[in-house]
Amino acid sequence: MLSARLDDAGLPWSAERVCQWGIAGTVFALGLSLLVGGWPVLLVAVIAIAIGVWVVLDAVRGRAVRKVDLALPDVLEATARSMRSGASLRVALQEASEHAPDRLRGGLAGVVAAAERGVPLVDAIDAWSAGVPGEGVRLAAAALALSAEVGGAAARSLDGVAATLRDRNGLRREVRALSSQARASCLVIGVAPVGFAMVAAAMDPQTIDFLLRTPAGIACLLTGVVLDGLGALWMHRLAAVT
């Protein structure tokens, strides 16, 4: 499940490497927490890391699909140009996907490989679209399947679908720009309690003693960390743009 979430995040590193770095960083942070403040700080660190990972994974959810949607118009237009020059759809897809993002290039490479093995191109395109979420992929797959049926005469339909997807991507970018202030507010509100706690601890060391040395302080600290994390997740969901 974690590997699937990391793959969906569209990170520039492999899921295995991210997991290795995450485990190493978590072990270091927990060891430092235990060394500095004992088991109360260790418990707070465990909860904070768990909530932080949850919030970050939720924040980057769907980035891989958005990257595919952003690259699809260029791929479709390049495919249409190749088909107008006389290339078959299989060759046009192979040429157009060379500079696409990894996920899109790998999917289209699978379509081309399946067609070379004798699988009908329409069936290969349908299988590809079924394995990649997103409305843009389904719309592109429908245009590509039509091109496989009618040949170069469908190049205009590929251009039309590319223009539609480009307009949709532009609208999505505009909505994200308009919601940037709300998302920045989410970040500030989520980080502000941590900053306030650090300032309060620097000005009054007894605050740290209360939070880490008394049952009531530990309960307050744990409750604050949990509520802050849940609040950050909730505000991100409210300001999220799909």
# chains A, B, ... in the order shown; residues from 1 in each chain; ligands from 1

$ residues_around --residues "stretch 136-150 of chain A" --least-positions-apart "6" --cutoff "12 Å" --atoms "only C-alpha atoms" --output "PyMOL selection string"
chain A and resi 65-77+79-80+83-84+87-93+103-104+107-108+111+115+120-130+156-169

$ closest_atom_pairs --of "stretch 28-90 of chain A" --to "stretch 217-227 of chain A" --cutoff "9 Å" --atoms "only C-alpha atoms" --output "Markdown table"
| residue | atom | partner | partner_atom | distance |
| --- | --- | --- | --- | --- |
| A:Pro40 | CA | A:Ile218 | CA | 6.7 |
| A:Val41 | CA | A:Ile218 | CA | 8.7 |
| A:Leu43 | CA | A:Leu222 | CA | 8.2 |
| A:Val44 | CA | A:Leu222 | CA | 6.0 |
| A:Ile47 | CA | A:Val226 | CA | 7.2 |
| A:Ala48 | CA | A:Val225 | CA | 6.4 |
| A:Ile51 | CA | A:Val226 | CA | 7.5 |

$ atom_distance --atom1 "atom CA of A:Val53" --atom2 "atom CA of A:Leu233"
10.7 Å

$ atom_distance --atom1 "atom CA of A:Arg81" --atom2 "atom CA of A:Gly170"
22.6 Å

$ closest_residue --among "A:Gly229, A:Arg213, A:Trp234, A:Val132" --to "A:Ala50" --atoms "only C-alpha atoms"
A:Gly229

$ residues_around --residues "A:Ile189" --least-positions-apart "6" --cutoff "9 Å" --atoms "only C-alpha atoms" --output "list in words"
Asp228, Gly231 and Ala232 of chain A
